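What follows is work-v7.txt (compact mmCIF, C-alpha atoms and all ligand atoms).
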```
# COMPACT_ATOMS: atom_id res chain seq x y z
CA MET S 29 26.24 11.14 -0.06
CA GLN S 30 24.45 10.20 3.17
CA LYS S 31 24.54 6.43 3.93
CA MET S 32 21.40 4.68 5.20
CA ASP S 33 21.78 2.29 8.13
CA LYS S 34 18.16 1.08 8.23
CA LEU S 35 14.75 1.36 6.61
CA ASN S 36 13.32 4.77 7.54
CA PHE S 37 9.57 5.52 7.61
CA LEU S 38 8.73 9.03 6.40
CA THR S 39 5.60 11.10 5.89
CA ALA S 40 4.89 12.80 2.55
CA GLY S 41 4.99 16.39 3.70
CA ARG S 42 4.24 17.38 7.25
CA PRO S 43 1.97 15.12 9.34
CA ASN S 44 -1.69 16.20 9.49
CA ILE S 45 -1.22 17.25 13.12
CA SER S 46 1.64 19.66 12.26
CA ALA S 47 1.18 23.35 11.45
CA THR S 48 4.55 24.08 9.87
CA THR S 49 7.53 22.23 8.43
CA LEU S 50 9.66 23.15 11.43
CA SER S 51 7.07 22.02 13.99
CA ALA S 52 6.62 18.84 11.93
CA LEU S 53 10.22 17.87 12.67
CA GLU S 54 9.44 17.97 16.39
CA ASP S 55 6.14 16.09 15.90
CA LEU S 56 7.82 13.34 13.86
CA ARG S 57 10.20 12.65 16.72
CA LYS S 58 7.30 12.39 19.19
CA LEU S 59 5.43 10.07 16.80
CA LYS S 60 8.56 7.91 16.51
CA LEU S 61 8.70 8.32 12.76
CA ASP S 62 12.04 8.74 11.01
CA GLY S 63 11.59 11.87 8.90
CA MET S 64 9.65 13.39 6.02
CA GLU S 65 9.59 14.18 2.34
CA LEU S 66 9.66 17.91 1.66
CA GLU S 67 6.86 18.54 -0.85
CA TYR S 68 7.48 20.97 -3.69
CA VAL S 69 4.75 19.28 -5.76
CA HIS S 70 2.57 22.39 -6.20
CA GLY S 71 5.55 24.60 -6.99
CA LEU S 72 8.81 25.34 -5.24
CA ARG S 73 9.21 28.58 -3.35
CA LYS S 74 12.92 29.03 -2.98
CA ASN S 75 13.74 29.99 0.58
CA LEU S 76 17.35 29.50 1.56
CA GLU S 77 16.74 30.83 5.08
CA LEU S 78 14.07 28.16 5.67
CA ALA S 79 16.41 25.53 4.22
CA LYS S 80 19.05 26.52 6.75
CA GLN S 81 16.54 26.33 9.62
CA ILE S 82 15.31 22.89 8.53
CA LYS S 83 18.86 21.59 8.30
CA GLU S 84 19.68 22.89 11.79
CA THR S 85 16.47 21.44 13.27
CA LYS S 86 16.33 18.03 11.59
CA LYS S 87 19.26 16.47 13.50
CA ASP S 88 18.94 12.68 13.11
CA LEU S 89 15.75 12.78 11.01
CA ILE S 90 15.96 11.61 7.39
CA LEU S 91 14.72 14.01 4.71
CA THR S 92 13.85 13.48 1.06
CA ALA S 93 12.12 15.85 -1.37
CA HIS S 94 9.55 15.67 -4.18
CA GLY S 95 9.89 18.07 -7.12
CA PRO S 96 6.98 19.95 -8.75
CA PHE S 97 4.34 18.00 -10.71
CA PHE S 98 4.63 20.63 -13.47
CA ILE S 99 7.58 18.96 -15.21
CA ASN S 100 7.91 17.40 -18.63
CA LEU S 101 11.38 16.48 -19.85
CA ASN S 102 9.82 15.23 -23.10
CA SER S 103 7.89 18.35 -24.10
CA PHE S 104 7.60 19.31 -27.77
CA GLU S 105 8.56 22.86 -26.74
CA GLN S 106 12.15 23.62 -25.79
CA ASP S 107 11.19 26.44 -23.39
CA LYS S 108 9.04 23.98 -21.41
CA ILE S 109 11.95 21.54 -21.25
CA ASP S 110 14.26 24.33 -20.08
CA ALA S 111 11.75 25.35 -17.38
CA SER S 112 11.45 21.71 -16.26
CA ILE S 113 15.23 21.38 -15.99
CA ARG S 114 15.33 24.61 -13.98
CA ARG S 115 12.61 23.38 -11.59
CA ILE S 116 14.45 20.15 -10.89
CA VAL S 117 17.82 21.84 -10.35
CA ASP S 118 16.20 24.45 -8.08
CA SER S 119 14.44 21.69 -6.14
CA ALA S 120 17.74 19.82 -5.76
CA GLU S 121 19.35 22.97 -4.36
CA GLN S 122 16.54 23.76 -1.91
CA ALA S 123 16.41 20.10 -0.81
CA TYR S 124 20.15 19.65 -0.40
CA LEU S 125 20.51 22.86 1.59
CA SER S 126 17.63 21.63 3.80
CA GLY S 127 19.60 18.45 4.57
CA ALA S 128 17.65 16.13 2.26
CA TYR S 129 19.59 13.27 0.67
CA SER S 130 17.32 12.32 -2.23
CA LEU S 131 15.04 14.14 -4.69
CA THR S 132 12.29 12.48 -6.70
CA PHE S 133 10.04 13.76 -9.50
CA HIS S 134 7.86 12.50 -12.38
CA ALA S 135 10.08 12.87 -15.45
CA GLY S 136 7.52 13.39 -18.22
CA PHE S 137 4.95 12.04 -20.67
CA TYR S 138 5.21 9.98 -23.86
CA GLN S 139 2.78 12.33 -25.67
CA GLY S 140 2.16 9.72 -28.36
CA MET S 141 5.89 9.40 -29.10
CA ASP S 142 7.36 5.92 -29.08
CA LYS S 143 9.02 4.72 -25.91
CA GLU S 144 12.59 4.70 -27.29
CA GLU S 145 12.33 8.27 -28.57
CA THR S 146 10.89 9.43 -25.24
CA TYR S 147 13.64 7.61 -23.34
CA LYS S 148 16.34 9.29 -25.44
CA ASN S 149 14.90 12.76 -24.86
CA ILE S 150 14.51 12.26 -21.13
CA LYS S 151 17.98 10.79 -20.81
CA LYS S 152 19.54 13.77 -22.58
CA ASN S 153 17.74 16.28 -20.35
CA LEU S 154 18.45 14.32 -17.19
CA LYS S 155 22.16 14.39 -18.07
CA THR S 156 21.98 18.18 -18.27
CA ILE S 157 20.33 18.24 -14.83
CA VAL S 158 22.97 16.02 -13.22
CA LYS S 159 25.79 18.04 -14.79
CA GLU S 160 24.40 21.25 -13.24
CA VAL S 161 23.71 19.61 -9.90
CA LYS S 162 27.31 18.36 -9.79
CA GLU S 163 28.74 21.73 -10.79
CA MET S 164 26.77 23.30 -7.94
CA GLY S 165 28.20 20.73 -5.49
CA LEU S 166 24.75 19.38 -4.56
CA LYS S 167 25.36 15.91 -3.13
CA ILE S 168 21.82 14.62 -3.52
CA TRP S 169 20.41 11.60 -5.41
CA ILE S 170 18.36 12.51 -8.46
CA ARG S 171 15.50 9.99 -8.69
CA PRO S 172 12.95 9.72 -11.48
CA GLU S 173 9.91 7.94 -10.07
CA THR S 174 7.98 4.90 -11.30
CA THR S 175 4.65 6.40 -12.38
CA GLY S 176 1.05 5.23 -12.15
CA LYS S 177 -0.25 5.59 -15.72
CA GLU S 178 0.75 4.06 -19.04
CA THR S 179 0.75 7.55 -20.63
CA GLN S 180 3.43 8.70 -18.19
CA PHE S 181 7.10 7.89 -18.75
CA GLY S 182 8.47 5.81 -15.91
CA ASN S 183 8.03 2.06 -15.88
CA LEU S 184 10.53 0.18 -13.74
CA ASP S 185 12.73 -0.86 -16.69
CA GLU S 186 13.04 2.73 -17.91
CA ILE S 187 13.95 4.03 -14.46
CA ILE S 188 16.54 1.27 -13.95
CA SER S 189 18.12 2.00 -17.37
CA LEU S 190 18.42 5.71 -16.61
CA SER S 191 20.06 4.79 -13.30
CA GLN S 192 22.56 2.54 -15.11
CA GLU S 193 23.41 5.18 -17.67
CA ILE S 194 23.67 8.34 -15.56
CA ASP S 195 25.81 8.93 -12.50
CA GLN S 196 24.06 10.19 -9.32
CA VAL S 197 20.72 8.83 -10.62
CA LEU S 198 18.83 6.02 -8.84
CA PRO S 199 15.19 4.90 -8.83
CA CYS S 200 12.36 6.14 -6.68
CA VAL S 201 10.07 3.12 -6.56
CA ASP S 202 6.41 3.95 -6.00
CA PHE S 203 4.85 0.54 -5.30
CA SER S 204 1.30 1.93 -5.37
CA HIS S 205 1.93 3.45 -8.79
CA ILE S 206 3.25 0.15 -10.15
CA HIS S 207 0.19 -1.65 -8.72
CA ALA S 208 -2.17 0.89 -10.35
CA ARG S 209 -0.28 1.11 -13.65
CA TYR S 210 -0.81 -2.61 -14.24
CA GLY S 211 -4.46 -2.69 -13.15
CA GLY S 212 -4.00 -4.39 -9.78
CA LYS S 213 -0.98 -6.63 -10.40
CA PHE S 214 2.14 -6.39 -8.23
CA ASN S 215 0.29 -6.94 -4.98
CA THR S 216 1.70 -10.24 -3.70
CA LYS S 217 4.90 -11.06 -1.83
CA PRO S 218 6.41 -12.93 -4.85
CA GLU S 219 5.59 -9.95 -7.10
CA PHE S 220 7.20 -7.50 -4.66
CA ASP S 221 10.19 -9.85 -4.51
CA SER S 222 10.40 -9.73 -8.31
CA ILE S 223 10.59 -5.91 -8.26
CA LEU S 224 13.40 -5.95 -5.71
CA GLU S 225 15.22 -8.71 -7.61
CA LYS S 226 15.06 -6.69 -10.80
CA ILE S 227 16.57 -3.66 -9.05
CA GLU S 228 19.31 -5.78 -7.52
CA LYS S 229 20.08 -7.41 -10.86
CA GLY S 230 20.15 -4.08 -12.70
CA LEU S 231 21.89 -1.87 -10.16
CA GLY S 232 23.54 -4.14 -7.62
CA LYS S 233 22.96 -4.73 -3.92
CA GLU S 234 23.97 -1.12 -3.13
CA ALA S 235 20.74 0.08 -4.76
CA LEU S 236 18.69 -1.95 -2.27
CA SER S 237 20.67 -0.59 0.66
CA ASN S 238 19.78 2.93 -0.48
CA LEU S 239 16.26 2.83 -1.89
CA HIS S 240 13.79 5.72 -2.01
CA MET S 241 10.19 4.44 -2.07
CA HIS S 242 6.61 5.67 -1.98
CA LEU S 243 3.58 3.83 -0.63
CA SER S 244 -0.09 4.58 -0.01
CA GLY S 245 -3.45 3.00 -0.57
CA ILE S 246 -4.52 3.68 -4.15
CA ASN S 247 -7.64 3.85 -6.28
CA TYR S 248 -7.19 2.93 -9.95
CA SER S 249 -9.00 2.14 -13.17
CA ALA S 250 -7.96 0.43 -16.42
CA LYS S 251 -6.10 3.68 -17.21
CA GLY S 252 -4.06 3.47 -14.03
CA GLU S 253 -3.81 5.68 -10.98
CA ARG S 254 -6.84 7.74 -9.90
CA ASN S 255 -6.21 8.94 -6.35
CA HIS S 256 -4.54 7.99 -3.10
CA LEU S 257 -6.46 6.25 -0.31
CA ASN S 258 -5.75 5.22 3.24
CA LEU S 259 -4.37 1.68 3.33
CA ALA S 260 -7.44 0.37 5.20
CA ASP S 261 -9.72 1.58 2.36
CA SER S 262 -7.62 0.08 -0.43
CA ASP S 263 -6.63 -3.36 -1.72
CA PHE S 264 -2.89 -2.69 -1.37
CA ASN S 265 -1.13 -5.57 0.39
CA TYR S 266 1.26 -3.47 2.47
CA LYS S 267 2.04 -6.42 4.76
CA GLY S 268 3.38 -8.43 1.83
CA LEU S 269 5.53 -5.49 0.81
CA MET S 270 6.94 -5.04 4.33
CA GLU S 271 7.81 -8.75 4.37
CA ALA S 272 9.64 -8.43 1.04
CA LEU S 273 11.56 -5.34 2.23
CA LYS S 274 12.59 -7.22 5.34
CA ASP S 275 13.66 -10.35 3.41
CA TYR S 276 15.78 -8.32 0.99
CA LYS S 277 17.23 -6.21 3.84
CA VAL S 278 16.20 -3.04 2.03
CA LYS S 279 17.50 0.20 3.58
CA GLY S 280 16.69 3.78 2.73
CA ALA S 281 13.42 5.71 2.95
CA ILE S 282 9.81 4.65 2.47
CA VAL S 283 7.50 7.64 2.24
CA CYS S 284 3.82 7.26 3.17
CA GLU S 285 1.53 9.20 0.80
CA SER S 286 -1.85 8.13 2.24
CA PRO S 287 -4.28 10.97 3.11
CA ASN S 288 -3.97 10.06 6.82
CA ILE S 289 -0.19 10.45 6.33
CA GLU S 290 1.26 9.76 9.77
CA LYS S 291 -1.26 7.03 10.68
CA ASP S 292 -0.40 4.79 7.73
CA ALA S 293 3.32 5.55 8.13
CA LEU S 294 3.05 4.21 11.69
CA LEU S 295 0.94 1.24 10.55
CA MET S 296 3.69 0.22 8.10
CA LYS S 297 6.47 0.83 10.59
CA LYS S 298 4.78 -1.18 13.35
CA TYR S 299 4.15 -4.14 11.07
CA TYR S 300 7.70 -4.03 9.69
CA TYR S 301 9.21 -4.11 13.18
CA SER S 302 6.85 -6.91 14.26
CA LEU S 303 8.46 -9.21 11.66
ZN ZN Y 1 5.44 11.16 -6.97
```

If you convert what's in this file into structure tokens, what do you get?
Ligand SMILES: [Zn+2]
Amino acid sequence: MQKMDKLNFLTAGRPNISATTLSALEDLRKLKLDGMELEYVHGLRKNLELAKQIKETKKDLILTAHGPFFINLNSFEQDKIDASIRRIVDSAEQAYLSGAYSLTFHAGFYQGMDKEETYKNIKKNLKTIVKEVKEMGLKIWIRPETTGKETQFGNLDEIISLSQEIDQVLPCVDFSHIHARYGGKFNTKPEFDSILEKIEKGLGKEALSNLHMHLSGINYSAKGERNHLNLADSDFNYKGLMEALKDYKVKGAIVCESPNIEKDALLMKKYYYSL
């Protein structure tokens, strides 16, 4: 598994100025960003030739990947669970062969089931995923993400527990989702500290030296996440978060998901290095 020697600032998908994934890799270097998240969110098109080209072109850039949105590891229907497992394993393969070191995805929905029951189902299916990924020799972190709505499985405690219980699983922490899920909380330096402390307590210091994170401005209601915004148009206190990441010496990848992708990624990176 690839080791992280610093905090890397990535764009979610190719920067707005880039026409293709391959040209994006060149653009990221010129922008002085550290890499990108390969987006399979609207469906993965398997392309092993493209994976090979990305891996050859990326050189020192850091890559992560985001699995399809169309996943529910807690479906009432077994064929939908099977298809979700398939999509995640296929994403892990495409990502690993592209040189990505970490794959995130939204694991599923409670669907009115109680939290314990949902957790059990998702844990069982995630174990199946990791078993397959290991059998295929895919050395990539499998990371369920903290989600932005109370109807979606994935609060921080659930994601930490899965990471404790299953090998090769670690959290993807989406700070904007956590902020939106709790109606505007988790927006101060002490609150960001508390998130990082909880991860360190649950998973050890190693987890903080290898964290996969998401950040953007975000619009939310009482029901949680609505849509992403540029940081300047949102209330998200990204400076406080950068200060917390610096204090806790967090390493890994922070992926900017704002609509102006590369601009906010640079805004975060500049502030972080000014500290
Ligand atoms: Zn996500």

Contacts between ligand ZN 1 (chain Y) and chain S, please, where a residue of chain S counts if it comes within 8 Å (with all atoms listed in the file); show its shortest atom pair and distance in Å to one decimal, rows by chain and ascending number, as a Markdown table.
```
| residue | atom | partner | partner_atom | distance |
| --- | --- | --- | --- | --- |
| S:His94 | CA | Y:ZN1 | ZN | 6.7 |
| S:Phe97 | CA | Y:ZN1 | ZN | 7.9 |
| S:Thr132 | CA | Y:ZN1 | ZN | 7.0 |
| S:Phe133 | CA | Y:ZN1 | ZN | 5.9 |
| S:His134 | CA | Y:ZN1 | ZN | 6.1 |
| S:Glu173 | CA | Y:ZN1 | ZN | 6.3 |
| S:Thr175 | CA | Y:ZN1 | ZN | 7.2 |
| S:Asp202 | CA | Y:ZN1 | ZN | 7.3 |
| S:His242 | CA | Y:ZN1 | ZN | 7.5 |
```

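CA of Ser204 (chain S) lies 8.5 Å from CA of Glu253 (chain S).
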
So that I can see what lies close to region 243-249 of chain S, please list as number ranges by chain the residues with an atom at most 10 Å from it, counting all atoms listed in the file and leaving out residues fewer than 5 positions away in the same chain. S: 39-40, 176-177, 201-205, 207-212, 254-266, 269, 282-289, 292-293, 296

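Closest to Gly182 (chain S) among S:Leu295, S:Ile150, S:Ile194, S:Ala135 is S:Ala135, based on all atoms listed in the file.
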
So which residues touch region 223-234 of chain S within 9 Å, counting only C-alpha atoms, skipping near sequence neighbours fewer than 2 positions away, as JSON, numbers by chain? {"S": [184, 185, 188, 189, 191, 192, 198, 199, 214, 218, 219, 220, 221, 236, 237, 238, 239, 272, 273, 276, 278]}

Sel. within 12 Å of pt (21.8, 29.5, -4.3), counting only C-alpha atoms, output as an NGL selection string: :S and (74-77 or 79-80 or 117-125 or 161 or 164-166)

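Atom pair CA of Ser103 (chain S) / CA of Cys200 (chain S): separated by 21.7 Å.
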
CA of Phe37 (chain S) to CA of Tyr68 (chain S) measures 19.3 Å

Could you list, as JSON, numbers by chain, every residue within 12 Å of Thr49 (chain S), counting only C-alpha atoms and ignoring same-chain residues fewer than 4 positions away? {"S": [39, 40, 41, 42, 43, 44, 45, 53, 54, 55, 56, 63, 64, 65, 66, 67, 78, 79, 81, 82, 83, 85, 86, 91, 126]}

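Among S:Phe104, S:Glu160, S:Tyr301, S:Tyr147, the residue with the shortest atom-to-atom distance to Glu186 (chain S), counting only C-alpha atoms, is S:Tyr147.
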
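Taking all atoms listed in the file into account, the protein, DNA and RNA residues within 9 Å of (12.4, -4.0, 6.6) read Lys34, Leu35, Asn36, Met270, Glu271, Ala272, Leu273, Lys274, Asp275, Tyr276, Lys277, Val278, Lys279, Lys297, Tyr300, Tyr301 and Leu303 of chain S.
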
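You can rank S:Lys151, S:Lys291, S:Gly252, S:Tyr299 by their closest distance to Leu59 (chain S) using all atoms listed in the file, and at the top of that list sits S:Lys291.
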
Write out as a PDB file with C-alpha atoms, keeping the file's coordinate frame which residues come within 7 Å of Leu131 (chain S) when counting only C-alpha atoms, dropping same-chain ones fewer than 2 positions away.
```
ATOM      1  CA  THR S  92      13.850  13.480   1.060  1.00  0.00           C
ATOM      2  CA  ALA S  93      12.120  15.850  -1.370  1.00  0.00           C
ATOM      3  CA  HIS S  94       9.550  15.670  -4.180  1.00  0.00           C
ATOM      4  CA  GLY S  95       9.890  18.070  -7.120  1.00  0.00           C
ATOM      5  CA  ALA S 120      17.740  19.820  -5.760  1.00  0.00           C
ATOM      6  CA  PHE S 133      10.040  13.760  -9.500  1.00  0.00           C
ATOM      7  CA  ILE S 168      21.820  14.620  -3.520  1.00  0.00           C
ATOM      8  CA  TRP S 169      20.410  11.600  -5.410  1.00  0.00           C
ATOM      9  CA  ILE S 170      18.360  12.510  -8.460  1.00  0.00           C
ATOM     10  CA  ARG S 171      15.500   9.990  -8.690  1.00  0.00           C
TER      11      ARG S 171
END
```

Using the file's own x, y and z axes, what box holds all listed atoms of region 97-114 of chain S with 4 Å on each side, keeping edges along x, y and z, and what are its centre and edge lengths in Å to one decimal, as JSON?
```
{"center_x": 9.8, "center_y": 20.8, "center_z": -19.2, "size_x": 19.0, "size_y": 19.2, "size_z": 25.1}
```
